[in-house]
Each structure stands twice: as C-alpha cells, then as structure tokens.
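Trainee: The structure file input.csv (CSV, C-alpha atoms) is provided below.
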chain,number,residue,atom,x,y,z
M,1,MET,CA,110.3,-1.1,44.4
M,2,THR,CA,114.0,-1.7,44.3
M,3,GLU,CA,115.9,-4.2,42.1
M,4,THR,CA,116.4,-6.4,45.2
M,5,ASP,CA,112.6,-6.4,45.8
M,6,ILE,CA,111.9,-7.4,42.2
M,7,ASP,CA,114.5,-10.2,42.4
M,8,ALA,CA,112.6,-11.6,45.3
M,9,LEU,CA,109.2,-11.3,43.7
M,10,GLY,CA,107.1,-14.4,43.1
M,11,PRO,CA,104.9,-14.8,40.0
M,12,VAL,CA,102.0,-12.4,39.8
M,13,ASP,CA,98.6,-13.5,38.7
M,14,TYR,CA,95.1,-12.0,38.5
M,15,LEU,CA,91.6,-13.3,38.8
M,16,VAL,CA,88.3,-11.8,37.7
M,17,ILE,CA,85.5,-13.3,39.7
M,18,GLU,CA,82.0,-12.6,38.5
M,19,PHE,CA,79.1,-12.5,40.9
M,20,PRO,CA,75.5,-13.0,39.5
M,21,ALA,CA,73.3,-10.0,39.4
M,22,ASP,CA,70.9,-11.6,41.9
M,23,ARG,CA,73.6,-12.7,44.3
M,24,PRO,CA,76.2,-9.9,44.9
M,25,PRO,CA,79.4,-10.7,46.9
M,26,ASP,CA,78.7,-11.4,50.6
M,27,GLY,CA,82.3,-11.6,51.8
M,28,SER,CA,82.2,-15.3,52.7
M,29,ALA,CA,85.4,-15.9,50.8
M,30,LEU,CA,87.4,-13.0,52.3
M,31,PRO,CA,88.4,-14.9,55.5
M,32,LEU,CA,89.9,-17.7,53.2
M,33,LEU,CA,91.8,-15.0,51.2
M,34,ARG,CA,93.0,-13.4,54.5
M,35,ASP,CA,94.3,-16.9,55.6
M,36,LEU,CA,96.3,-17.3,52.4
M,37,VAL,CA,97.9,-13.8,53.1
M,38,GLU,CA,98.6,-14.5,56.8
M,39,ARG,CA,100.3,-17.8,56.0
M,40,GLY,CA,102.5,-16.1,53.4
M,41,ILE,CA,101.2,-18.1,50.5
M,42,ILE,CA,100.1,-15.0,48.5
M,43,ARG,CA,100.3,-11.2,48.8
M,44,VAL,CA,97.3,-9.2,47.6
M,45,LEU,CA,98.6,-6.4,45.4
M,46,ASP,CA,95.3,-5.0,44.1
M,47,LEU,CA,91.7,-5.8,44.8
M,48,ALA,CA,89.0,-3.9,43.1
M,49,PHE,CA,85.2,-4.4,42.8
M,50,VAL,CA,83.3,-3.3,39.7
M,51,ARG,CA,79.8,-3.6,38.3
M,52,LYS,CA,78.7,-3.8,34.7
M,53,ASP,CA,75.4,-2.0,34.2
M,54,ALA,CA,72.7,-3.3,31.8
M,55,ASP,CA,73.9,-0.8,29.2
M,56,GLY,CA,77.4,-2.2,29.3
M,57,SER,CA,79.0,0.6,31.2
M,58,LEU,CA,81.4,-0.1,34.0
M,59,ALA,CA,81.3,1.4,37.5
M,60,GLY,CA,83.9,0.9,40.2
M,61,ILE,CA,82.6,-0.1,43.7
M,62,ASP,CA,84.5,0.8,46.9
M,63,ILE,CA,84.9,-2.3,49.0
M,64,THR,CA,83.1,-0.5,51.9
M,65,ASP,CA,80.1,-0.2,49.6
M,66,VAL,CA,80.0,-3.8,48.3
M,67,GLY,CA,77.5,-4.8,51.0
M,68,LEU,CA,79.6,-7.5,52.7
M,69,GLU,CA,77.9,-9.3,55.5
M,70,GLY,CA,79.1,-10.4,58.9
M,71,ASP,CA,81.9,-9.2,61.1
M,72,LEU,CA,84.7,-8.8,58.5
M,73,ASP,CA,87.9,-6.8,58.9
M,74,ILE,CA,88.4,-5.5,55.4
M,75,THR,CA,91.4,-3.2,56.2
M,76,LEU,CA,93.8,-5.5,54.4
M,77,PHE,CA,91.7,-5.5,51.3
M,78,ALA,CA,90.7,-1.9,51.4
M,79,GLU,CA,94.3,-0.9,51.5
M,80,ALA,CA,95.4,-3.2,48.6
M,81,GLY,CA,96.4,-0.9,45.8
M,82,SER,CA,99.8,-1.3,44.2
M,83,GLY,CA,98.8,0.7,41.1
M,84,LEU,CA,99.2,-2.4,38.8
M,85,LEU,CA,95.5,-2.5,38.1
M,86,ASP,CA,94.5,0.4,36.0
M,87,GLU,CA,91.4,1.6,34.1
M,88,ALA,CA,92.4,-0.4,31.0
M,89,ASP,CA,92.6,-3.6,33.1
M,90,ARG,CA,89.2,-2.8,34.6
M,91,SER,CA,87.7,-2.2,31.1
M,92,GLU,CA,89.2,-5.5,29.9
M,93,ALA,CA,87.7,-7.3,32.8
M,94,ALA,CA,84.3,-5.7,32.0
M,95,GLY,CA,84.5,-7.4,28.6
M,96,VAL,CA,84.0,-10.8,30.2
M,97,LEU,CA,81.2,-9.8,32.6
M,98,GLN,CA,77.6,-10.3,31.9
M,99,PRO,CA,75.4,-7.1,32.1
M,100,GLY,CA,74.1,-6.5,35.6
M,101,CYS,CA,76.8,-8.6,37.2
M,102,SER,CA,79.5,-7.4,39.6
M,103,ALA,CA,83.1,-8.7,39.9
M,104,ALA,CA,86.1,-8.7,42.1
M,105,ILE,CA,89.4,-8.2,40.3
M,106,LEU,CA,92.3,-9.6,42.3
M,107,VAL,CA,96.0,-9.1,41.5
M,108,TYR,CA,98.3,-11.2,43.8
M,109,GLU,CA,101.8,-12.4,44.1
M,110,ASN,CA,102.4,-16.1,44.6
M,111,ARG,CA,104.8,-15.7,47.6
M,112,TRP,CA,105.2,-19.5,47.9
M,113,ALA,CA,107.0,-19.5,44.5
M,114,ALA,CA,109.2,-16.5,45.1
M,115,PRO,CA,112.4,-18.4,46.3
M,116,PHE,CA,112.0,-20.8,43.3
M,117,ALA,CA,111.5,-18.0,40.8
M,118,SER,CA,114.3,-16.0,42.2
M,119,ALA,CA,116.7,-19.0,42.0
M,120,LEU,CA,115.8,-19.5,38.4
M,121,ARG,CA,116.2,-15.8,37.5
M,122,ARG,CA,119.7,-15.8,39.0
M,123,LYS,CA,120.6,-18.5,36.6
M,124,GLY,CA,119.2,-16.6,33.6
M,125,ALA,CA,115.9,-18.5,33.3
M,126,GLN,CA,112.7,-16.7,32.6
M,127,LEU,CA,109.0,-17.6,32.5
M,128,VAL,CA,107.9,-17.6,28.8
M,129,ALA,CA,104.4,-18.9,29.2
M,130,SER,CA,101.8,-19.7,31.8
M,131,GLY,CA,98.2,-20.5,32.0
M,132,ARG,CA,95.4,-21.8,34.0
M,133,ILE,CA,93.0,-24.7,33.4
M,134,PRO,CA,89.4,-23.8,34.6
M,135,VAL,CA,87.8,-26.3,36.9
M,136,GLN,CA,84.9,-26.6,34.5
M,137,SER,CA,87.3,-27.8,31.8
M,138,LEU,CA,88.9,-30.4,34.0
M,139,LEU,CA,85.5,-31.7,35.0
M,140,SER,CA,84.4,-31.9,31.3
M,141,SER,CA,87.6,-33.7,30.4
M,142,LEU,CA,87.2,-36.2,33.3
M,143,GLU,CA,83.5,-36.8,32.3
M,144,LEU,CA,84.6,-37.4,28.7
M,145,LEU,CA,87.3,-39.9,29.8
M,146,GLU,CA,84.9,-41.7,32.0
M,147,THR,CA,82.3,-41.9,29.1
M,148,GLU,CA,85.0,-43.2,26.7
M,149,SER,CA,86.2,-45.9,29.1
M,150,ARG,CA,82.8,-47.5,29.3
Go through the file and emit its structure as structure tokens.

Mentor:
Amino acid sequence: MTETDIDALGPVDYLVIEFPADRPPDGSALPLLRDLVERGIIRVLDLAFVRKDADGSLAGIDITDVGLEGDLDITLFAEAGSGLLDEADRSEAAGVLQPGCSAAILVYENRWAAPFASALRRKGAQLVASGRIPVQSLLSSLELLETESR
C-alpha cells in the first residue's frame, strides 16, 4: 500500500460475531454485507471464521466449510485477506467466545468516511479515540429512562 493509498483510507473497524453452538452461521447476512461493499460504504479487508472447542482451543474454519445455505457467491468473502488479521487477533477473539460457539471476525474499512478522514489528516488532525455502543446497552438505557420518567 502506497502513502497515497493510506492517505485515502477510511477508518478501519473490526467485529467479532458469535454464533450459538446449536445455530452455526447460515449465510443469511452475507447478501447484506455484499450490498454494503457494492455500494462503496465499506470494503472488507479480512473475514475469518473460527470455532472455539469445548476445551477452549481455537480452530480456523475455511469459509467454504462453514456450511452456508442457499445460492451464495462467497468469492468476495473467500478472497478477503489483507493480512491485518493475524493469529494473535484470532486468539484474542477466542477469549470472548463461549466454548462450542463459532464466530466470524470481520475487518473492514469505512469507505463512506474516507474523504472526511483524509481531509482531516491533511490538516494535521488525528483520531485519538473511538468506540461503539452495543445495541443491548442502548436498549437498557432507554428502558431505564422510561422507568425513571414514570
């Protein structure tokens, strides 16, 4: 990646999505992910599937072996491998998984924010903190506010 490419890069995020042991991934969300890519909203940099065994050990799963259902073209996802996601990242992700569960680890660029981020970097600004508020936390906060307002 050249310096020009890096200057045009949007913020990069990751997600670890856990699937229950009794309901492995079926691929139903992949068309939605593909749509985000096709519309230029995100760029998938890495996508890996892992399984945490009952003894706590971690095993990688090839996307073609995940058991996805339906007529899915997984080429885009099977080829996603920038090298940003390494074994240490996979091990860290395993730390949050329940034994017997599988997970998708997704590293993606927020392409929608690239022009904004690039303009800020040209003026010397830099991102010094970021975060994400889980939906469950938002719902809990809203429930608490509703209860307090009664």

Trainee: Restricting the calculation to all atoms listed in the file: of M:Gly10, M:Pro99, M:Gly131, M:Gly60, which residue gets closest to Pro115 (chain M)?

Mentor: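 So, comparing all the options, the nearest one is M:Gly10.
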
Trainee: Tell me which protein, DNA and RNA residues are within 7 Å of Ile41 (chain M), counting only C-alpha atoms, leaving out same-chain ones fewer than 4 positions away, and put them as a list in words.

Mentor: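 Near neighbours after the sequence-gap exclusion: Leu36, Val37, Asn110, Arg111 and Trp112 of chain M.
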
Trainee: Would you write out those residues with C-alpha atoms, as an mmCIF file, keeping the file's coordinate frame?

Mentor:
data_model
loop_
_atom_site.group_PDB
_atom_site.id
_atom_site.type_symbol
_atom_site.label_atom_id
_atom_site.label_comp_id
_atom_site.auth_asym_id
_atom_site.auth_seq_id
_atom_site.Cartn_x
_atom_site.Cartn_y
_atom_site.Cartn_z
ATOM 1 C CA LEU M 36 96.300 -17.300 52.400
ATOM 2 C CA VAL M 37 97.900 -13.800 53.100
ATOM 3 C CA ASN M 110 102.400 -16.100 44.600
ATOM 4 C CA ARG M 111 104.800 -15.700 47.600
ATOM 5 C CA TRP M 112 105.200 -19.500 47.900
#

Trainee: For CA of Leu106 (chain M) and CA of Leu142 (chain M), quote the distance in Å rounded to one decimal.

Mentor: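 Separation of CA of Leu106 (chain M) and CA of Leu142 (chain M): 28.5 Å.
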
Trainee: Would you compute the distance between CA of Tyr14 (chain M) and CA of Leu144 (chain M)? Give it in Å to one decimal.

Mentor: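 Between CA of Tyr14 (chain M) and CA of Leu144 (chain M) the gap is 29.2 Å.
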
Trainee: Rank M:Pro11, M:Ser141, M:Tyr108, M:Gly81 by their smallest atom-to-atom distance to Leu33 (chain M), using only C-alpha atoms, and report the top residue only.

Mentor: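 Nearest to Leu33 (chain M): M:Tyr108.
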
Trainee: Quote the spacing between CA of Ser102 (chain M) and CA of Ala129 (chain M) in Å to one decimal place.

Mentor: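 So the answer is 29.3 Å.
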
Trainee: From the options M:Ile42, M:Leu145, M:Asp22, M:Arg51, which residue's atoms come nearest to Val96 (chain M), counting all atoms listed in the file?

Mentor: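 Among the listed residues, M:Arg51 lies closest to Val96 (chain M).
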
Trainee: Please provide as a list in words all residues within 8 Å of region 44-47 of chain M, with the sequence filter that same-chain residues fewer than 3 positions apart are discarded (counting all atoms listed in the file).

Mentor: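 Surrounding residues, per the criterion: Val37, Phe77, Ala78, Ala80, Gly81, Ser82, Gly83, Leu84, Leu85, Ala104, Ile105, Leu106, Val107, Tyr108 and Glu109 of chain M.
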
Trainee: Tell me which of M:Ala88, M:Ala103, M:Ala113, M:Leu30 sits closest to Asp13 (chain M), counting all atoms listed in the file.

Mentor: M:Ala113

Trainee: Just give me the residues with any atom within 7 Å of (78.3, -10.9, 36.6), file coordinates, counting only C-alpha atoms, written as a ChimeraX atom specification.

Mentor: /M:18-21,97-103
